[in-house]
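S.K.: My structure file model_4.cif, mmCIF, C-alpha atoms and all ligand atoms, is below:
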```cif
data_run
loop_
_atom_site.label_atom_id
_atom_site.label_comp_id
_atom_site.auth_asym_id
_atom_site.auth_seq_id
_atom_site.Cartn_x
_atom_site.Cartn_y
_atom_site.Cartn_z
CA MET A 249 59.44 67.20 83.74
CA ARG A 250 60.35 70.48 82.13
CA TYR A 251 63.09 73.02 82.61
CA LEU A 252 63.81 76.63 81.87
CA THR A 253 67.11 78.46 81.94
CA ALA A 254 67.85 82.15 82.44
CA GLY A 255 71.04 84.17 82.50
CA GLU A 256 73.42 86.15 80.30
CA SER A 257 76.92 85.03 79.40
CA HIS A 258 78.58 87.83 81.39
CA GLY A 259 75.81 88.42 83.92
CA PRO A 260 76.10 87.27 87.53
CA GLN A 261 74.82 83.71 87.05
CA LEU A 262 72.90 81.11 85.09
CA THR A 263 69.66 79.95 86.68
CA LEU A 264 67.99 76.61 86.02
CA ILE A 265 64.53 75.58 87.19
CA ILE A 266 63.49 71.94 86.81
CA ASP A 267 59.83 71.28 87.46
CA GLY A 268 57.82 68.07 87.76
CA VAL A 269 60.57 65.84 89.19
CA PRO A 270 59.66 62.76 91.22
CA SER A 271 60.56 62.83 94.89
CA GLN A 272 63.26 60.70 96.54
CA VAL A 273 65.68 60.89 93.61
CA PRO A 274 69.17 60.66 95.14
CA PHE A 275 70.70 63.99 94.16
CA SER A 276 74.44 64.20 93.69
CA LYS A 277 75.97 67.66 93.43
CA GLU A 278 79.32 65.97 92.69
CA GLN A 279 77.91 64.17 89.64
CA ILE A 280 76.37 67.35 88.28
CA ASP A 281 79.57 69.32 88.86
CA HIS A 282 81.49 66.50 87.17
CA GLN A 283 79.37 66.93 84.01
CA LEU A 284 79.85 70.70 84.14
CA HIS A 285 83.59 70.19 84.40
CA ARG A 286 83.58 67.87 81.36
CA ARG A 287 81.82 70.57 79.31
CA GLN A 288 84.58 73.06 80.09
CA LYS A 289 87.36 70.91 78.67
CA GLY A 290 88.54 70.23 75.15
CA HIS A 291 91.26 71.41 72.83
CA GLY A 292 90.32 74.63 71.05
CA ARG A 293 88.45 76.39 73.84
CA GLY A 294 89.19 80.07 74.48
CA ARG A 295 90.45 81.83 77.62
CA ARG A 296 87.00 82.10 79.21
CA MET A 297 87.19 78.48 80.31
CA GLN A 298 90.28 79.30 82.38
CA ILE A 299 88.26 81.89 84.27
CA GLU A 300 85.18 79.79 84.99
CA ARG A 301 85.00 76.92 87.52
CA ASP A 302 81.46 75.75 86.90
CA GLU A 303 79.61 74.22 89.81
CA ILE A 304 75.99 74.26 90.94
CA GLN A 305 74.52 75.88 93.99
CA ILE A 306 71.27 74.25 95.05
CA MET A 307 68.58 76.81 95.84
CA SER A 308 65.49 74.61 96.24
CA GLY A 309 63.88 71.22 95.77
CA VAL A 310 66.57 69.09 97.46
CA ARG A 311 66.91 68.18 101.14
CA PHE A 312 69.29 65.71 102.75
CA GLY A 313 70.53 64.51 99.37
CA LYS A 314 67.14 63.72 97.85
CA THR A 315 64.60 65.56 95.72
CA THR A 316 61.43 66.57 97.53
CA GLY A 317 59.19 66.70 94.43
CA ALA A 318 59.18 70.51 94.53
CA PRO A 319 60.76 72.52 91.68
CA ILE A 320 64.55 72.32 91.75
CA ALA A 321 66.36 75.64 91.36
CA LEU A 322 70.07 75.55 90.57
CA VAL A 323 72.49 78.38 90.03
CA ILE A 324 75.85 78.43 88.23
CA GLU A 325 77.94 81.50 88.94
CA ASN A 326 79.70 83.36 86.10
CA LYS A 327 83.09 84.13 87.60
CA ASP A 328 83.81 86.43 84.64
CA TYR A 329 81.01 88.74 85.88
CA THR A 330 83.48 90.57 88.11
CA HIS A 331 85.10 91.93 84.89
CA TRP A 332 81.75 92.88 83.33
CA GLN A 333 79.76 94.42 86.16
CA LYS A 334 79.62 97.88 84.62
CA VAL A 335 78.67 96.56 81.17
CA MET A 336 76.02 94.17 82.48
CA ASN A 337 74.40 96.53 84.97
CA PRO A 338 70.59 96.23 84.78
CA PHE A 339 70.18 99.93 85.54
CA PRO A 340 71.22 102.82 83.25
CA MET A 341 74.95 103.65 83.17
CA GLN A 342 74.66 105.34 79.80
CA GLU A 343 78.26 106.43 79.53
CA GLU A 344 79.55 102.92 80.15
CA ALA A 345 77.00 101.39 77.78
CA ASP A 346 77.94 103.81 74.98
CA LYS A 347 81.67 103.15 75.47
CA ARG A 348 81.21 99.40 75.07
CA LYS A 349 78.47 99.42 72.41
CA LEU A 350 78.77 96.76 69.70
CA THR A 351 77.45 97.70 66.26
CA ARG A 352 79.22 95.32 63.84
CA PRO A 353 77.27 92.05 63.68
CA ARG A 354 79.20 88.81 63.27
CA PRO A 355 78.10 86.64 60.33
CA GLY A 356 76.92 83.29 61.70
CA HIS A 357 76.00 84.52 65.18
CA ALA A 358 72.59 85.75 66.37
CA ASP A 359 73.70 89.42 66.44
CA LEU A 360 71.94 90.93 63.43
CA ASN A 361 68.67 88.97 63.43
CA GLY A 362 68.28 89.42 67.17
CA ALA A 363 69.00 93.17 67.02
CA ILE A 364 66.46 93.74 64.24
CA LYS A 365 63.82 91.53 65.88
CA TYR A 366 64.14 93.01 69.40
CA ASP A 367 65.08 96.51 68.20
CA HIS A 368 68.44 96.74 69.96
CA ARG A 369 71.10 99.24 68.89
CA ASP A 370 73.73 97.46 71.01
CA LEU A 371 74.40 93.93 69.76
CA ARG A 372 75.44 92.93 73.28
CA ASP A 373 71.73 92.82 74.17
CA VAL A 374 71.50 89.82 71.82
CA LEU A 375 74.85 88.10 72.11
CA GLU A 376 74.71 87.83 75.89
CA ARG A 377 71.80 85.42 75.74
CA SER A 378 72.60 83.73 72.42
CA SER A 379 76.01 82.73 73.81
CA ALA A 380 76.55 79.02 74.38
CA ARG A 381 77.36 79.87 77.99
CA GLU A 382 73.71 78.86 78.46
CA THR A 383 74.61 75.26 77.63
CA ALA A 384 76.20 74.97 81.10
CA ALA A 385 72.68 75.14 82.56
CA ARG A 386 71.47 72.55 80.06
CA VAL A 387 74.30 70.23 81.02
CA ALA A 388 73.20 70.56 84.66
CA ALA A 389 69.62 69.62 83.64
CA GLY A 390 70.95 66.66 81.64
CA ALA A 391 73.15 65.57 84.53
CA PHE A 392 70.11 65.43 86.77
CA ALA A 393 68.23 63.45 84.09
CA ARG A 394 71.17 61.01 83.97
CA GLN A 395 70.77 60.35 87.69
CA ILE A 396 67.17 59.24 87.06
CA LEU A 397 68.13 57.21 83.99
CA ALA A 398 70.93 55.38 85.80
CA LEU A 399 68.41 54.13 88.38
CA CYS A 400 66.40 52.68 85.48
CA GLY A 401 69.43 50.96 83.87
CA ILE A 402 69.98 53.54 81.10
CA GLU A 403 73.49 54.90 80.37
CA ILE A 404 74.69 57.57 77.96
CA ALA A 405 78.03 58.33 76.33
CA GLY A 406 79.23 60.74 73.69
CA HIS A 407 82.35 61.31 71.64
CA VAL A 408 83.74 63.25 68.71
CA LEU A 409 83.66 61.59 65.30
CA GLN A 410 85.02 64.36 63.11
CA ILE A 411 86.80 67.71 63.32
CA GLY A 412 87.15 69.62 60.08
CA GLY A 413 88.23 67.08 57.46
CA VAL A 414 89.60 64.57 59.99
CA LYS A 415 87.35 61.57 60.61
CA ALA A 416 87.77 59.08 63.45
CA LYS A 417 87.50 55.38 62.71
CA ARG A 418 84.25 54.20 64.26
CA ILE A 419 85.03 51.85 67.11
CA LEU A 420 82.00 49.69 67.67
CA ASP A 421 83.11 46.78 69.80
CA VAL A 422 84.09 48.76 72.91
CA PRO A 423 81.65 48.46 75.83
CA LEU A 424 80.02 51.76 76.75
CA SER A 425 81.78 52.10 80.12
CA GLU A 426 85.22 51.74 78.52
CA PHE A 427 84.18 54.02 75.73
CA VAL A 428 83.38 56.73 78.29
CA THR A 429 86.80 56.43 79.96
CA GLN A 430 88.65 56.52 76.64
CA ALA A 431 86.80 59.58 75.37
CA GLU A 432 87.40 61.27 78.72
CA GLU A 433 91.16 60.93 78.41
CA SER A 434 91.26 62.44 74.93
CA PRO A 435 91.73 66.22 74.60
CA VAL A 436 89.27 66.14 71.70
CA ARG A 437 87.01 63.42 73.19
CA CYS A 438 87.88 61.07 70.32
CA LEU A 439 88.32 57.30 70.58
CA ASP A 440 90.75 56.95 67.69
CA PRO A 441 94.29 57.94 68.81
CA GLU A 442 95.55 58.52 65.26
CA ALA A 443 92.67 60.79 64.36
CA GLU A 444 93.05 62.55 67.72
CA GLN A 445 96.47 63.96 66.80
CA ALA A 446 95.28 65.08 63.38
CA MET A 447 92.18 66.68 64.93
CA MET A 448 94.31 68.70 67.32
CA LYS A 449 96.46 69.88 64.44
CA GLU A 450 93.35 70.82 62.47
CA ILE A 451 92.17 72.97 65.40
CA ASP A 452 95.61 74.57 65.90
CA ASP A 453 95.93 75.37 62.18
CA ALA A 454 92.50 76.98 62.06
CA LYS A 455 93.31 79.01 65.16
CA ALA A 456 96.69 80.12 63.81
CA GLU A 457 94.93 81.40 60.71
CA GLY A 458 92.42 83.40 62.78
CA ASP A 459 89.76 80.93 61.70
CA SER A 460 87.46 78.38 63.38
CA ILE A 461 86.40 74.81 62.78
CA GLY A 462 83.41 72.50 63.35
CA GLY A 463 82.77 68.78 63.35
CA ILE A 464 80.50 65.85 64.17
CA VAL A 465 79.61 64.36 67.56
CA GLU A 466 77.90 61.08 68.36
CA VAL A 467 75.79 60.11 71.36
CA ILE A 468 74.91 56.54 72.31
CA VAL A 469 72.22 55.49 74.79
CA GLU A 470 72.29 51.97 76.16
CA GLY A 471 69.62 50.06 78.10
CA MET A 472 66.58 51.51 76.37
CA PRO A 473 63.22 49.88 77.02
CA ILE A 474 61.19 49.21 73.85
CA GLY A 475 58.46 51.74 73.05
CA LEU A 476 59.49 55.12 74.49
CA GLY A 477 57.96 57.85 72.33
CA SER A 478 54.88 57.25 70.22
CA HIS A 479 53.86 56.80 66.57
CA THR A 480 50.36 58.18 67.31
CA GLN A 481 51.06 61.91 67.01
CA TRP A 482 53.84 63.88 65.28
CA ASP A 483 54.91 65.69 68.40
CA ARG A 484 55.17 62.51 70.48
CA LYS A 485 57.88 60.89 68.35
CA LEU A 486 60.98 60.59 70.49
CA ASP A 487 63.45 60.62 67.59
CA ALA A 488 61.92 63.94 66.50
CA LYS A 489 62.29 65.37 70.00
CA ILE A 490 65.91 64.29 70.15
CA ALA A 491 66.51 65.84 66.72
CA GLN A 492 65.11 69.13 67.99
CA ALA A 493 67.19 68.93 71.15
CA ILE A 494 70.39 68.41 69.14
CA VAL A 495 69.68 71.24 66.68
CA SER A 496 68.84 73.50 69.63
CA ILE A 497 72.50 73.33 70.71
CA ASN A 498 74.23 76.52 69.56
CA ALA A 499 75.85 76.05 66.15
CA PHE A 500 74.33 72.61 65.45
CA LYS A 501 73.02 72.33 61.91
CA GLY A 502 72.03 68.71 61.30
CA VAL A 503 71.15 65.38 62.89
CA GLU A 504 71.18 61.73 61.84
CA PHE A 505 70.24 58.46 63.52
CA GLY A 506 72.05 55.17 62.92
CA ILE A 507 73.38 55.04 59.37
CA GLY A 508 71.60 58.37 58.82
CA PHE A 509 72.04 60.07 55.44
CA GLU A 510 73.89 56.99 54.13
CA ALA A 511 70.43 55.33 53.93
CA ALA A 512 69.80 57.26 50.71
CA ASN A 513 72.52 55.21 48.96
CA LEU A 514 71.26 51.80 50.06
CA ARG A 515 68.39 49.41 49.36
CA GLY A 516 65.73 48.56 51.95
CA SER A 517 67.27 45.15 52.52
CA GLN A 518 70.55 46.85 53.48
CA VAL A 519 68.92 49.32 55.85
CA HIS A 520 66.19 47.68 57.94
CA ASP A 521 67.07 45.66 61.01
CA GLU A 522 65.88 42.04 60.98
CA ILE A 523 63.78 40.93 63.95
CA ILE A 524 64.94 38.01 66.10
CA TRP A 525 63.56 36.38 69.25
CA SER A 526 65.06 34.45 72.14
CA LYS A 527 63.54 33.18 75.39
CA GLU A 528 66.06 35.14 77.49
CA ARG A 529 65.86 38.49 75.75
CA GLY A 530 62.51 38.44 73.90
CA PHE A 531 62.43 40.47 70.66
CA THR A 532 65.70 42.08 69.56
CA ARG A 533 67.34 43.05 66.26
CA ALA A 534 70.11 41.39 64.30
CA THR A 535 71.58 44.83 63.45
CA ASN A 536 70.96 48.42 64.55
CA ARG A 537 71.28 50.45 61.37
CA LEU A 538 68.32 52.63 62.21
CA GLY A 539 69.92 53.84 65.43
CA GLY A 540 67.28 52.55 67.84
CA PHE A 541 64.07 54.03 66.40
CA GLU A 542 61.10 52.86 64.36
CA GLY A 543 57.84 54.80 64.25
CA GLY A 544 59.17 57.44 66.62
CA MET A 545 59.51 54.72 69.29
CA THR A 546 62.59 53.07 70.71
CA THR A 547 63.29 49.55 69.43
CA GLY A 548 65.22 48.60 72.57
CA GLU A 549 68.51 48.73 70.64
CA GLU A 550 71.01 51.49 71.45
CA ILE A 551 70.01 54.98 70.42
CA ILE A 552 72.74 56.23 68.08
CA VAL A 553 72.46 59.89 67.16
CA ARG A 554 74.94 62.24 65.53
CA GLY A 555 74.95 66.02 65.18
CA VAL A 556 77.01 68.34 63.03
CA MET A 557 78.38 71.57 64.46
CA LYS A 558 79.30 74.40 62.11
CA PRO A 559 82.57 76.29 62.73
CA ILE A 560 82.40 78.95 65.47
CA PRO A 561 81.14 82.28 64.02
CA THR A 562 83.53 84.66 65.83
CA LEU A 563 86.70 84.86 63.76
CA TYR A 564 89.93 86.56 64.79
CA LYS A 565 90.31 87.30 61.07
CA PRO A 566 86.73 88.48 60.71
CA LEU A 567 84.45 88.33 57.68
CA MET A 568 83.00 91.52 56.33
CA SER A 569 79.88 92.98 57.86
CA VAL A 570 77.97 96.27 57.96
CA ASP A 571 77.83 98.65 60.93
CA ILE A 572 74.19 98.88 62.05
CA ASP A 573 74.52 102.61 62.85
CA THR A 574 76.63 104.03 60.02
CA LYS A 575 75.76 101.34 57.41
CA GLU A 576 79.44 101.35 56.43
CA GLU A 577 81.21 98.12 55.53
CA PHE A 578 83.52 96.90 58.29
CA ALA A 579 85.16 93.73 59.46
CA ALA A 580 82.79 92.11 62.03
CA SER A 581 83.43 92.57 65.77
CA ILE A 582 85.96 90.33 67.44
CA GLU A 583 84.81 88.97 70.79
CA ARG A 584 87.08 86.65 72.77
CA SER A 585 86.19 83.26 71.37
CA ASP A 586 86.71 79.52 71.14
CA SER A 587 88.25 78.32 67.88
CA CYS A 588 86.66 74.87 68.22
CA ALA A 589 84.05 73.74 70.75
CA VAL A 590 83.13 70.37 69.23
CA PRO A 591 84.52 68.32 72.18
CA ALA A 592 82.58 70.47 74.67
CA ALA A 593 79.50 70.27 72.47
CA SER A 594 79.63 66.46 72.60
CA VAL A 595 79.03 66.76 76.36
CA VAL A 596 76.13 69.14 75.73
CA ALA A 597 74.73 66.66 73.19
CA GLU A 598 74.84 63.88 75.78
CA ALA A 599 72.98 66.13 78.21
CA VAL A 600 70.17 67.16 75.88
CA VAL A 601 69.65 63.55 74.77
CA ALA A 602 69.62 62.41 78.42
CA TRP A 603 66.96 65.00 79.14
CA GLU A 604 64.69 63.88 76.26
CA VAL A 605 65.02 60.21 77.20
CA ALA A 606 64.26 60.90 80.88
CA GLN A 607 61.31 63.01 79.83
CA ALA A 608 59.98 60.21 77.60
CA LEU A 609 60.47 57.72 80.42
CA LEU A 610 58.39 59.84 82.80
CA GLU A 611 55.73 60.31 80.14
CA LYS A 612 55.33 56.56 79.78
CA PHE A 613 55.67 55.89 83.51
CA PRO A 614 54.26 58.89 85.39
CA ALA A 615 55.48 58.77 88.97
CA ASP A 616 55.48 60.94 92.08
CA THR A 617 58.36 59.03 93.63
CA VAL A 618 61.42 57.49 92.05
CA GLU A 619 60.52 54.09 93.59
CA GLU A 620 57.24 54.14 91.62
CA LEU A 621 59.16 54.95 88.47
CA VAL A 622 61.77 52.21 88.90
CA ALA A 623 59.11 49.60 89.76
CA GLN A 624 57.10 50.46 86.65
CA VAL A 625 60.17 50.28 84.42
CA GLN A 626 61.11 46.87 85.87
CA ARG A 627 57.56 45.52 85.36
CA TYR A 628 57.50 46.83 81.82
CA ARG A 629 60.88 45.32 80.98
CA GLU A 630 59.49 41.98 82.13
CA HIS A 631 56.40 42.50 79.99
CA THR A 632 58.52 43.21 76.89
CA ARG A 633 60.71 40.13 77.57
CA ASN A 634 57.63 37.92 77.83
CA PHE A 635 55.70 39.49 74.95
C1 LIG B 1 80.08 74.79 73.67
C2 LIG B 1 79.94 75.88 72.65
C3 LIG B 1 80.84 76.94 72.66
C4 LIG B 1 80.71 77.96 71.71
N1 LIG B 1 81.63 78.96 71.73
C5 LIG B 1 81.53 79.97 70.84
C6 LIG B 1 82.49 81.03 70.83
O1 LIG B 1 83.42 81.07 71.63
N2 LIG B 1 82.33 82.01 69.92
C7 LIG B 1 81.31 82.02 69.01
O2 LIG B 1 81.20 82.92 68.19
N3 LIG B 1 80.39 81.01 68.99
C8 LIG B 1 80.48 80.00 69.88
N4 LIG B 1 79.55 78.99 69.85
C9 LIG B 1 78.51 79.00 68.81
C10 LIG B 1 77.49 80.13 68.98
O3 LIG B 1 76.96 80.15 70.29
C11 LIG B 1 76.34 79.97 67.96
O4 LIG B 1 76.87 79.86 66.67
C12 LIG B 1 75.40 81.17 68.05
O5 LIG B 1 74.65 81.11 69.25
C13 LIG B 1 74.40 81.25 66.87
O6 LIG B 1 73.52 80.19 66.86
P1 LIG B 1 73.47 79.14 65.64
O7 LIG B 1 74.87 78.92 65.21
O8 LIG B 1 72.84 77.93 66.24
O9 LIG B 1 72.65 79.75 64.55
C14 LIG B 1 79.66 77.93 70.76
C15 LIG B 1 78.77 76.85 70.75
C16 LIG B 1 78.90 75.82 71.69
C17 LIG B 1 77.94 74.69 71.66
C1 LIG B 2 81.17 80.97 78.12
C2 LIG B 2 81.10 79.88 77.39
O1 LIG B 2 81.25 79.85 76.04
C3 LIG B 2 81.22 81.05 75.34
C4 LIG B 2 80.30 80.85 74.18
C5 LIG B 2 80.36 81.96 73.24
C6 LIG B 2 79.30 82.05 72.23
O2 LIG B 2 79.27 83.06 71.50
O3 LIG B 2 78.50 81.12 72.11
C7 LIG B 2 81.41 82.87 73.26
C8 LIG B 2 82.52 82.81 74.24
O4 LIG B 2 82.26 83.71 75.29
P1 LIG B 2 83.37 84.72 75.87
O5 LIG B 2 83.46 85.81 74.87
O6 LIG B 2 82.87 85.20 77.18
O7 LIG B 2 84.62 83.93 76.00
C9 LIG B 2 82.62 81.42 74.86
O8 LIG B 2 83.54 81.43 75.91
C10 LIG B 2 80.87 78.55 77.98
O9 LIG B 2 80.79 77.60 77.18
O10 LIG B 2 80.72 78.46 79.22
#
```
With the file now loaded, output its structure as structure tokens.
M.R.:
Amino acid sequence: MRYLTAGESHGPQLTLIIDGVPSQVPFSKEQIDHQLHRRQKGHGRGRRMQIERDEIQIMSGVRFGKTTGAPIALVIENKDYTHWQKVMNPFPMQEEADKRKLTRPRPGHADLNGAIKYDHRDLRDVLERSSARETAARVAAGAFARQILALCGIEIAGHVLQIGGVKAKRILDVPLSEFVTQAEESPVRCLDPEAEQAMMKEIDDAKAEGDSIGGIVEVIVEGMPIGLGSHTQWDRKLDAKIAQAIVSINAFKGVEFGIGFEAANLRGSQVHDEIIWSKERGFTRATNRLGGFEGGMTTGEEIIVRGVMKPIPTLYKPLMSVDIDTKEEFAASIERSDSCAVPAASVVAEAVVAWEVAQALLEKFPADTVEELVAQVQRYREHTRNF
């Protein structure tokens, strides 16, 4: 499977094409819309999220509630487009374009590099596509991947571990399903009620000061078969693909699996996960410090991956920048902006991880129909239990 997205932040719509899907996958618009809705929530989002009501329109590849095997085309409308029609017009409206031209690049956004690279004198030609509005389409792709994964016994959940300096206590003994409900009820998608309050204050304080704030999200995948991904070639390692997927989320700057960077402080005996065997479960691990990967392949333990999001670049009290036309020093442009999007980004992180896992599953078990896929996964799980 592969997907491509198209669409500008203030253009008419986002378009998503998913290719190479098996046929007969039960397709739920409600479940996809539910994931889109989750991405819109979270303390610290700006006014744009009050304008948008993200939902998919299905343009191809689905009939009578099931995939046909043909490419799936989905569209998410940008409701805000009605306010931007003149600015986003594909055909020349020079006067309008000149009136709204942006020439003061924001430090931390794609404005300056994109303008130089693509030779644009209006920074809008860059920011429209570099905007994280595009992550709505990626959440739709991930939501579809989740529907395939669920049929194969694989579930995914994400939550927020840190906002600014406030860290949540890690709660490890909660089953995944409960974990999902708890995170869902939290305005910052955090499982630790004490930290939740402090996180909200951290966001409010940053906002009040015209500033922004980042944090850390965690995604957990349960029900993994052993051996997705491969040690045989660098670009087949599944942990590496997941790392790329996480860093591809706008504003994400780092990734770790399991105990992650803490491994540098510990000895081998404190890091590696001892191997155990039982008749019922076959080979498992006594611990899961490595976050579910060895040799670029899944160990069968939960995948545990974290990503760090830098603070949002657009600041209401902007940093200094240089006008690309006059070369004079100015405060950077102020675009309407979120002050913190870490909770929303945790939903995006779930989606991109879901996509990579579904992709790896279909690489190991190529299938034209979902029945073929599920049967292969079941047979393989039996093989690993009896190995
Ligand atoms: C869900 C989400 C919402 C975001 N909202 C904003 C925003 O309102 N304003 C902003 O300047 N950046 C926002 N960003 C971050 C920028 O899109 C990102 O910093 C920019 O595309 C540059 O890419 P880079 O930070 O990965 O280098 C958001 C990111 C995510 C994931
Ligand atoms: C539109 C979304 O996020 C946007 C991401 C974004 C950016 O620069 O990344 C800037 C803001 O855009 P606007 O100026 O239109 O409010 C966010 O609202 C979304 O997440 O759906």
S.K.: Please provide the set of residues having any atom within 8 Å of stretch 430-432 of chain A, restricted to all atoms listed in the file, with same-chain residues fewer than 6 positions apart removed, written as number ranges by chain.
M.R.: A: 406-407, 438-439
S.K.: Using all atoms listed in the file, what table do you get, as CSV, when you list each residue of chain A with an atom no more than 7 Å from ligand LIG 2 (chain B), its nearest pair of atoms, and their distance in Å rounded to one decimal, rows by chain then rising number?
M.R.:
```
residue,atom,partner,partner_atom,distance
A:Ser257,CA,B:LIG2,C1,6.0
A:His258,CA,B:LIG2,O6,6.6
A:Gln288,CA,B:LIG2,O9,6.6
A:Gly294,CA,B:LIG2,O8,6.0
A:Arg295,CA,B:LIG2,O7,6.4
A:Arg296,CA,B:LIG2,O7,4.4
A:Met297,CA,B:LIG2,O8,6.4
A:Leu375,CA,B:LIG2,O2,6.7
A:Ser378,CA,B:LIG2,O3,6.5
A:Ser379,CA,B:LIG2,O3,3.4
A:Ala380,CA,B:LIG2,O3,3.7
A:Arg381,CA,B:LIG2,C10,3.8
A:Thr383,CA,B:LIG2,O9,6.6
A:Ala384,CA,B:LIG2,O10,6.0
A:Asn498,CA,B:LIG2,O3,6.8
A:Glu583,CA,B:LIG2,O5,5.3
A:Arg584,CA,B:LIG2,O5,4.3
A:Ser585,CA,B:LIG2,C8,4.7
A:Asp586,CA,B:LIG2,C9,5.8
```
S.K.: Write as number ranges by chain the residues around ligand LIG 1 (chain B), taking 10 Å as the cut-off and counting all atoms listed in the file.
M.R.: A: 287-290, 292-297, 354-359, 374-384, 460, 462, 495-501, 557-563, 582-597
S.K.: Using the selection just defined, write its residues with C-alpha atoms as a PDB file, in the frame of the given file.
M.R.:
```pdb
ATOM      1  CA  ARG A 287      81.820  70.570  79.310  1.00  0.00           C
ATOM      2  CA  GLN A 288      84.580  73.060  80.090  1.00  0.00           C
ATOM      3  CA  LYS A 289      87.360  70.910  78.670  1.00  0.00           C
ATOM      4  CA  GLY A 290      88.540  70.230  75.150  1.00  0.00           C
ATOM      5  CA  GLY A 292      90.320  74.630  71.050  1.00  0.00           C
ATOM      6  CA  ARG A 293      88.450  76.390  73.840  1.00  0.00           C
ATOM      7  CA  GLY A 294      89.190  80.070  74.480  1.00  0.00           C
ATOM      8  CA  ARG A 295      90.450  81.830  77.620  1.00  0.00           C
ATOM      9  CA  ARG A 296      87.000  82.100  79.210  1.00  0.00           C
ATOM     10  CA  MET A 297      87.190  78.480  80.310  1.00  0.00           C
ATOM     11  CA  ARG A 354      79.200  88.810  63.270  1.00  0.00           C
ATOM     12  CA  PRO A 355      78.100  86.640  60.330  1.00  0.00           C
ATOM     13  CA  GLY A 356      76.920  83.290  61.700  1.00  0.00           C
ATOM     14  CA  HIS A 357      76.000  84.520  65.180  1.00  0.00           C
ATOM     15  CA  ALA A 358      72.590  85.750  66.370  1.00  0.00           C
ATOM     16  CA  ASP A 359      73.700  89.420  66.440  1.00  0.00           C
ATOM     17  CA  VAL A 374      71.500  89.820  71.820  1.00  0.00           C
ATOM     18  CA  LEU A 375      74.850  88.100  72.110  1.00  0.00           C
ATOM     19  CA  GLU A 376      74.710  87.830  75.890  1.00  0.00           C
ATOM     20  CA  ARG A 377      71.800  85.420  75.740  1.00  0.00           C
ATOM     21  CA  SER A 378      72.600  83.730  72.420  1.00  0.00           C
ATOM     22  CA  SER A 379      76.010  82.730  73.810  1.00  0.00           C
ATOM     23  CA  ALA A 380      76.550  79.020  74.380  1.00  0.00           C
ATOM     24  CA  ARG A 381      77.360  79.870  77.990  1.00  0.00           C
ATOM     25  CA  GLU A 382      73.710  78.860  78.460  1.00  0.00           C
ATOM     26  CA  THR A 383      74.610  75.260  77.630  1.00  0.00           C
ATOM     27  CA  ALA A 384      76.200  74.970  81.100  1.00  0.00           C
ATOM     28  CA  SER A 460      87.460  78.380  63.380  1.00  0.00           C
ATOM     29  CA  GLY A 462      83.410  72.500  63.350  1.00  0.00           C
ATOM     30  CA  VAL A 495      69.680  71.240  66.680  1.00  0.00           C
ATOM     31  CA  SER A 496      68.840  73.500  69.630  1.00  0.00           C
ATOM     32  CA  ILE A 497      72.500  73.330  70.710  1.00  0.00           C
ATOM     33  CA  ASN A 498      74.230  76.520  69.560  1.00  0.00           C
ATOM     34  CA  ALA A 499      75.850  76.050  66.150  1.00  0.00           C
ATOM     35  CA  PHE A 500      74.330  72.610  65.450  1.00  0.00           C
ATOM     36  CA  LYS A 501      73.020  72.330  61.910  1.00  0.00           C
ATOM     37  CA  MET A 557      78.380  71.570  64.460  1.00  0.00           C
ATOM     38  CA  LYS A 558      79.300  74.400  62.110  1.00  0.00           C
ATOM     39  CA  PRO A 559      82.570  76.290  62.730  1.00  0.00           C
ATOM     40  CA  ILE A 560      82.400  78.950  65.470  1.00  0.00           C
ATOM     41  CA  PRO A 561      81.140  82.280  64.020  1.00  0.00           C
ATOM     42  CA  THR A 562      83.530  84.660  65.830  1.00  0.00           C
ATOM     43  CA  LEU A 563      86.700  84.860  63.760  1.00  0.00           C
ATOM     44  CA  ILE A 582      85.960  90.330  67.440  1.00  0.00           C
ATOM     45  CA  GLU A 583      84.810  88.970  70.790  1.00  0.00           C
ATOM     46  CA  ARG A 584      87.080  86.650  72.770  1.00  0.00           C
ATOM     47  CA  SER A 585      86.190  83.260  71.370  1.00  0.00           C
ATOM     48  CA  ASP A 586      86.710  79.520  71.140  1.00  0.00           C
ATOM     49  CA  SER A 587      88.250  78.320  67.880  1.00  0.00           C
ATOM     50  CA  CYS A 588      86.660  74.870  68.220  1.00  0.00           C
ATOM     51  CA  ALA A 589      84.050  73.740  70.750  1.00  0.00           C
ATOM     52  CA  VAL A 590      83.130  70.370  69.230  1.00  0.00           C
ATOM     53  CA  PRO A 591      84.520  68.320  72.180  1.00  0.00           C
ATOM     54  CA  ALA A 592      82.580  70.470  74.670  1.00  0.00           C
ATOM     55  CA  ALA A 593      79.500  70.270  72.470  1.00  0.00           C
ATOM     56  CA  SER A 594      79.630  66.460  72.600  1.00  0.00           C
ATOM     57  CA  VAL A 595      79.030  66.760  76.360  1.00  0.00           C
ATOM     58  CA  VAL A 596      76.130  69.140  75.730  1.00  0.00           C
ATOM     59  CA  ALA A 597      74.730  66.660  73.190  1.00  0.00           C
TER      60      ALA A 597
END
```
S.K.: Taking into account all atoms listed in the file, which residue in the set A:Leu514, A:Ala385, A:Ala579, A:Met341 is nearest to A:Asn326?
M.R.: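 Smallest separation from A:Asn326 among the options: A:Ala385.
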S.K.: Work out how far atom CA of A:Lys489 is from atom CA of A:Gln410, in Å to one decimal.
M.R.: 23.8 Å
